[in-house]
$ cat entry.txt   # compact mmCIF, N, CA and C atoms
# COMPACT_ATOMS: atom_id res chain seq x y z
N MET J 212 136.99 76.68 239.56
CA MET J 212 136.46 76.20 240.83
C MET J 212 135.96 77.40 241.63
N ASP J 213 134.93 77.16 242.42
CA ASP J 213 134.33 78.22 243.22
C ASP J 213 134.44 77.92 244.71
N PHE J 214 134.37 78.97 245.50
CA PHE J 214 134.23 78.86 246.94
C PHE J 214 133.04 79.70 247.33
N MET J 215 132.00 79.05 247.81
CA MET J 215 130.79 79.73 248.27
C MET J 215 130.29 80.74 247.23
N GLY J 216 130.30 80.33 245.97
CA GLY J 216 129.78 81.18 244.90
C GLY J 216 130.75 82.20 244.36
N LYS J 217 131.95 82.24 244.88
CA LYS J 217 132.97 83.17 244.38
C LYS J 217 134.03 82.39 243.62
N LYS J 218 134.46 82.91 242.48
CA LYS J 218 135.50 82.25 241.70
C LYS J 218 136.84 82.38 242.44
N LEU J 219 137.56 81.27 242.56
CA LEU J 219 138.83 81.28 243.29
C LEU J 219 139.80 82.30 242.73
N GLU J 220 139.84 82.43 241.40
CA GLU J 220 140.80 83.36 240.80
C GLU J 220 140.49 84.82 241.12
N ASP J 221 139.29 85.11 241.61
CA ASP J 221 138.92 86.47 241.97
C ASP J 221 139.16 86.79 243.45
N ILE J 222 139.51 85.78 244.23
CA ILE J 222 139.71 86.00 245.66
C ILE J 222 141.16 86.39 245.93
N VAL J 223 141.34 87.54 246.56
CA VAL J 223 142.67 88.00 246.98
C VAL J 223 142.65 88.08 248.51
N VAL J 224 143.63 87.45 249.13
CA VAL J 224 143.74 87.43 250.59
C VAL J 224 144.98 88.22 250.97
N THR J 225 144.81 89.22 251.83
CA THR J 225 145.96 89.98 252.34
C THR J 225 146.32 89.40 253.69
N LEU J 226 147.52 88.82 253.76
CA LEU J 226 147.98 88.20 255.00
C LEU J 226 148.88 89.17 255.76
N PRO J 227 148.52 89.50 257.00
CA PRO J 227 149.38 90.34 257.83
C PRO J 227 150.37 89.46 258.60
N PHE J 228 151.58 89.93 258.76
CA PHE J 228 152.60 89.20 259.50
C PHE J 228 152.97 89.95 260.77
N ALA J 229 153.58 89.25 261.72
CA ALA J 229 153.91 89.80 263.03
C ALA J 229 154.82 91.03 262.93
N ASP J 230 155.66 91.08 261.89
CA ASP J 230 156.58 92.21 261.75
C ASP J 230 155.92 93.45 261.16
N GLY J 231 154.59 93.38 260.92
CA GLY J 231 153.87 94.52 260.37
C GLY J 231 153.77 94.52 258.86
N SER J 232 154.46 93.61 258.20
CA SER J 232 154.38 93.53 256.74
C SER J 232 153.12 92.76 256.33
N GLU J 233 152.78 92.88 255.07
CA GLU J 233 151.62 92.18 254.50
C GLU J 233 152.00 91.63 253.14
N VAL J 234 151.27 90.60 252.72
CA VAL J 234 151.45 90.06 251.37
C VAL J 234 150.08 89.71 250.81
N ASP J 235 149.85 90.11 249.57
CA ASP J 235 148.62 89.74 248.89
C ASP J 235 148.81 88.37 248.25
N CYS J 236 147.84 87.50 248.46
CA CYS J 236 147.90 86.13 247.96
C CYS J 236 146.66 85.81 247.15
N GLY J 237 146.84 84.90 246.22
CA GLY J 237 145.73 84.34 245.47
C GLY J 237 145.51 82.91 245.91
N VAL J 238 144.34 82.39 245.62
CA VAL J 238 143.99 81.03 246.00
C VAL J 238 144.41 80.08 244.89
N TYR J 239 145.34 79.19 245.21
CA TYR J 239 145.76 78.16 244.26
C TYR J 239 144.78 77.00 244.29
N SER J 240 144.35 76.62 245.50
CA SER J 240 143.50 75.45 245.64
C SER J 240 142.58 75.61 246.84
N TYR J 241 141.43 75.00 246.73
CA TYR J 241 140.46 74.92 247.82
C TYR J 241 140.15 73.45 248.02
N PHE J 242 140.17 72.98 249.27
CA PHE J 242 139.88 71.58 249.54
C PHE J 242 139.30 71.42 250.93
N GLU J 243 138.68 70.27 251.15
CA GLU J 243 138.08 69.96 252.45
C GLU J 243 138.69 68.69 253.00
N VAL J 244 138.98 68.71 254.30
CA VAL J 244 139.50 67.55 255.02
C VAL J 244 138.82 67.53 256.39
N ASN J 245 138.28 66.37 256.76
CA ASN J 245 137.65 66.22 258.08
C ASN J 245 136.65 67.33 258.39
N ASN J 246 135.81 67.64 257.41
CA ASN J 246 134.74 68.64 257.57
C ASN J 246 135.24 70.06 257.79
N LYS J 247 136.49 70.33 257.45
CA LYS J 247 137.02 71.70 257.50
C LYS J 247 137.47 72.08 256.10
N LYS J 248 137.38 73.37 255.81
CA LYS J 248 137.74 73.89 254.49
C LYS J 248 139.09 74.60 254.58
N TYR J 249 139.88 74.46 253.51
CA TYR J 249 141.22 75.05 253.48
C TYR J 249 141.49 75.70 252.14
N PHE J 250 142.32 76.74 252.18
CA PHE J 250 142.89 77.36 250.99
C PHE J 250 144.39 77.08 250.98
N ALA J 251 144.91 76.77 249.82
CA ALA J 251 146.36 76.81 249.58
C ALA J 251 146.60 78.12 248.85
N LEU J 252 147.36 79.00 249.47
CA LEU J 252 147.59 80.33 248.94
C LEU J 252 149.00 80.46 248.39
N LEU J 253 149.14 81.33 247.38
CA LEU J 253 150.45 81.72 246.85
C LEU J 253 150.49 83.24 246.76
N PRO J 254 151.65 83.84 247.05
CA PRO J 254 151.77 85.29 246.85
C PRO J 254 151.47 85.64 245.39
N LEU J 255 151.03 86.88 245.20
CA LEU J 255 150.72 87.35 243.86
C LEU J 255 151.88 88.13 243.26
N LYS J 256 152.03 87.97 241.94
CA LYS J 256 152.90 88.85 241.15
C LYS J 256 151.95 89.75 240.40
N GLY J 257 152.07 91.03 240.57
CA GLY J 257 151.11 91.92 239.93
C GLY J 257 149.78 91.82 240.66
N GLU J 258 148.68 91.99 239.90
CA GLU J 258 147.37 92.02 240.54
C GLU J 258 146.75 90.65 240.76
N LYS J 259 146.95 89.71 239.83
CA LYS J 259 146.26 88.42 239.97
C LYS J 259 147.09 87.22 239.58
N GLU J 260 148.34 87.38 239.22
CA GLU J 260 149.16 86.25 238.79
C GLU J 260 149.83 85.58 240.00
N LEU J 261 149.58 84.28 240.15
CA LEU J 261 150.19 83.54 241.26
C LEU J 261 151.69 83.41 241.03
N ASP J 262 152.46 83.57 242.09
CA ASP J 262 153.92 83.47 242.03
C ASP J 262 154.34 82.05 242.43
N PHE J 263 154.51 81.20 241.43
CA PHE J 263 154.84 79.80 241.69
C PHE J 263 156.28 79.59 242.16
N SER J 264 157.08 80.66 242.20
CA SER J 264 158.44 80.53 242.72
C SER J 264 158.44 80.58 244.26
N GLN J 265 157.29 80.90 244.85
CA GLN J 265 157.15 80.99 246.30
C GLN J 265 156.53 79.72 246.86
N SER J 266 156.57 79.57 248.16
CA SER J 266 155.99 78.40 248.83
C SER J 266 154.50 78.58 249.04
N TYR J 267 153.79 77.46 248.99
CA TYR J 267 152.36 77.46 249.29
C TYR J 267 152.16 77.71 250.78
N MET J 268 151.06 78.37 251.11
CA MET J 268 150.70 78.61 252.50
C MET J 268 149.30 78.05 252.70
N LEU J 269 149.12 77.24 253.73
CA LEU J 269 147.82 76.63 254.00
C LEU J 269 147.12 77.35 255.14
N TYR J 270 145.84 77.64 254.93
CA TYR J 270 145.02 78.31 255.93
C TYR J 270 143.63 77.69 255.93
N GLU J 271 143.03 77.63 257.10
CA GLU J 271 141.63 77.22 257.18
C GLU J 271 140.78 78.39 256.67
N VAL J 272 139.65 78.07 256.09
CA VAL J 272 138.77 79.12 255.59
C VAL J 272 137.34 78.81 256.00
N GLU J 273 136.65 79.85 256.42
CA GLU J 273 135.23 79.77 256.76
C GLU J 273 134.51 80.85 255.98
N GLU J 274 133.21 80.84 256.07
CA GLU J 274 132.38 81.84 255.41
C GLU J 274 131.76 82.75 256.47
N ASP J 275 131.82 84.08 256.24
CA ASP J 275 131.15 84.98 257.17
C ASP J 275 129.66 85.09 256.83
N GLU J 276 128.93 85.90 257.58
CA GLU J 276 127.48 86.00 257.39
C GLU J 276 127.10 86.59 256.04
N GLU J 277 128.03 87.26 255.37
CA GLU J 277 127.76 87.83 254.04
C GLU J 277 128.26 86.93 252.91
N GLY J 278 128.77 85.75 253.26
CA GLY J 278 129.23 84.81 252.24
C GLY J 278 130.66 85.04 251.78
N ASN J 279 131.41 85.87 252.50
CA ASN J 279 132.81 86.14 252.15
C ASN J 279 133.73 85.17 252.88
N PRO J 280 134.83 84.80 252.24
CA PRO J 280 135.78 83.91 252.92
C PRO J 280 136.50 84.62 254.06
N VAL J 281 136.66 83.91 255.16
CA VAL J 281 137.43 84.38 256.31
C VAL J 281 138.56 83.39 256.50
N VAL J 282 139.78 83.86 256.36
CA VAL J 282 140.96 83.00 256.43
C VAL J 282 141.47 82.95 257.86
N LEU J 283 141.72 81.72 258.35
CA LEU J 283 142.15 81.52 259.73
C LEU J 283 143.48 80.76 259.77
N TYR J 284 144.35 81.17 260.65
CA TYR J 284 145.62 80.48 260.87
C TYR J 284 145.32 79.11 261.49
N ILE J 285 146.02 78.08 261.02
CA ILE J 285 145.84 76.73 261.57
C ILE J 285 146.80 76.59 262.76
N GLU J 286 146.27 76.64 263.97
CA GLU J 286 147.11 76.63 265.16
C GLU J 286 147.48 75.23 265.64
N ASN J 287 146.69 74.24 265.30
CA ASN J 287 146.92 72.88 265.75
C ASN J 287 147.89 72.18 264.80
N ASP J 288 149.03 71.71 265.30
CA ASP J 288 150.04 71.07 264.46
C ASP J 288 149.51 69.82 263.76
N TYR J 289 148.72 69.03 264.47
CA TYR J 289 148.17 67.81 263.86
C TYR J 289 147.22 68.17 262.72
N GLU J 290 146.34 69.13 262.95
CA GLU J 290 145.42 69.56 261.89
C GLU J 290 146.19 70.07 260.68
N TYR J 291 147.25 70.86 260.93
CA TYR J 291 148.06 71.36 259.82
C TYR J 291 148.70 70.22 259.05
N ALA J 292 149.22 69.24 259.77
CA ALA J 292 149.88 68.09 259.12
C ALA J 292 148.89 67.32 258.26
N VAL J 293 147.68 67.13 258.74
CA VAL J 293 146.67 66.41 257.96
C VAL J 293 146.32 67.20 256.69
N ALA J 294 146.11 68.51 256.83
CA ALA J 294 145.80 69.34 255.66
C ALA J 294 146.96 69.36 254.67
N ALA J 295 148.19 69.46 255.18
CA ALA J 295 149.36 69.49 254.31
C ALA J 295 149.54 68.18 253.56
N GLN J 296 149.30 67.08 254.23
CA GLN J 296 149.42 65.77 253.58
C GLN J 296 148.38 65.64 252.47
N TYR J 297 147.16 66.05 252.74
CA TYR J 297 146.11 65.99 251.72
C TYR J 297 146.47 66.88 250.53
N PHE J 298 146.93 68.10 250.80
CA PHE J 298 147.31 69.01 249.73
C PHE J 298 148.48 68.46 248.91
N SER J 299 149.45 67.85 249.57
CA SER J 299 150.60 67.26 248.86
C SER J 299 150.14 66.18 247.88
N ARG J 300 149.17 65.37 248.31
CA ARG J 300 148.62 64.35 247.40
C ARG J 300 147.92 65.00 246.22
N GLN J 301 147.22 66.10 246.45
CA GLN J 301 146.57 66.82 245.35
C GLN J 301 147.61 67.30 244.34
N LEU J 302 148.71 67.83 244.83
CA LEU J 302 149.75 68.34 243.93
C LEU J 302 150.33 67.23 243.07
N LYS J 303 150.54 66.08 243.66
CA LYS J 303 151.11 64.95 242.90
C LYS J 303 150.17 64.46 241.82
N GLU J 304 148.87 64.59 242.04
CA GLU J 304 147.88 64.13 241.08
C GLU J 304 147.74 65.08 239.89
N LYS J 305 148.18 66.32 240.03
CA LYS J 305 148.03 67.30 238.94
C LYS J 305 149.11 67.17 237.92
$ encode --input "entry.txt" --output "structure tokens"
Amino acid sequence: MDFMGKKLEDIVVTLPFADGSEVDCGVYSYFEVNNKKYFALLPLKGEKELDFSQSYMLYEVEEDEEGNPVVLYIENDYEYAVAAQYFSRQLKEK
């Protein structure tokens, strides 16, 4: 699967946390709900292997002017709940 012409398995997202730590994540899934795009991310083991022992993290994603993904925190609880419900249904179907 691709996101804006980029293969999902090639996208690495570095998430910064409030405590100053960071974690590199890979994209497990890309989906759209209510005209918004989302990534389900998992931390990486090594350079590109998804760590399925960890929890999924959902983030909104947009495209910048160069076609690169820009990951955004979902601040609205209702929006997060809708995205999480959609993603949960996707997981059950796999």
$ residues_near_point --input "entry.txt" --point "(147.8, 79.1, 247.4)" --cutoff "7 Å" --atoms "all atoms listed in the file" --output "ChimeraX atom specification"
/J:236-240,250-254,266-269
$ select_by_dssp --input "entry.txt" --residues "chain J" --states "strand (DSSP E)" --output "number ranges by chain"
J: 213-214, 217-218, 223-227, 233-244, 247-256, 260-261, 268-274, 280-283
$ atom_distance --input "entry.txt" --atom1 "atom N of Glu277 in chain J" --atom2 "CA of Val234 in chain J"
23.9 Å
$ atom_distance --input "entry.txt" --atom1 "CA of Ser264 in chain J" --atom2 "atom C of Asn279 in chain J"
27.1 Å
$ atom_distance --input "entry.txt" --atom1 "atom C of Leu226 in chain J" --atom2 "CA of Lys303 in chain J"
27.5 Å
$ closest_residue --input "entry.txt" --among "J:Lys248, J:Arg300, J:Lys217, J:Lys259" --to "Ile285 in chain J" --atoms "only C-alpha atoms"
J:Lys248
$ closest_residue --input "entry.txt" --among "J:Val224, J:Tyr289, J:Gln296, J:Asp235" --to "Val272 in chain J" --atoms "only C-alpha atoms"
J:Val224
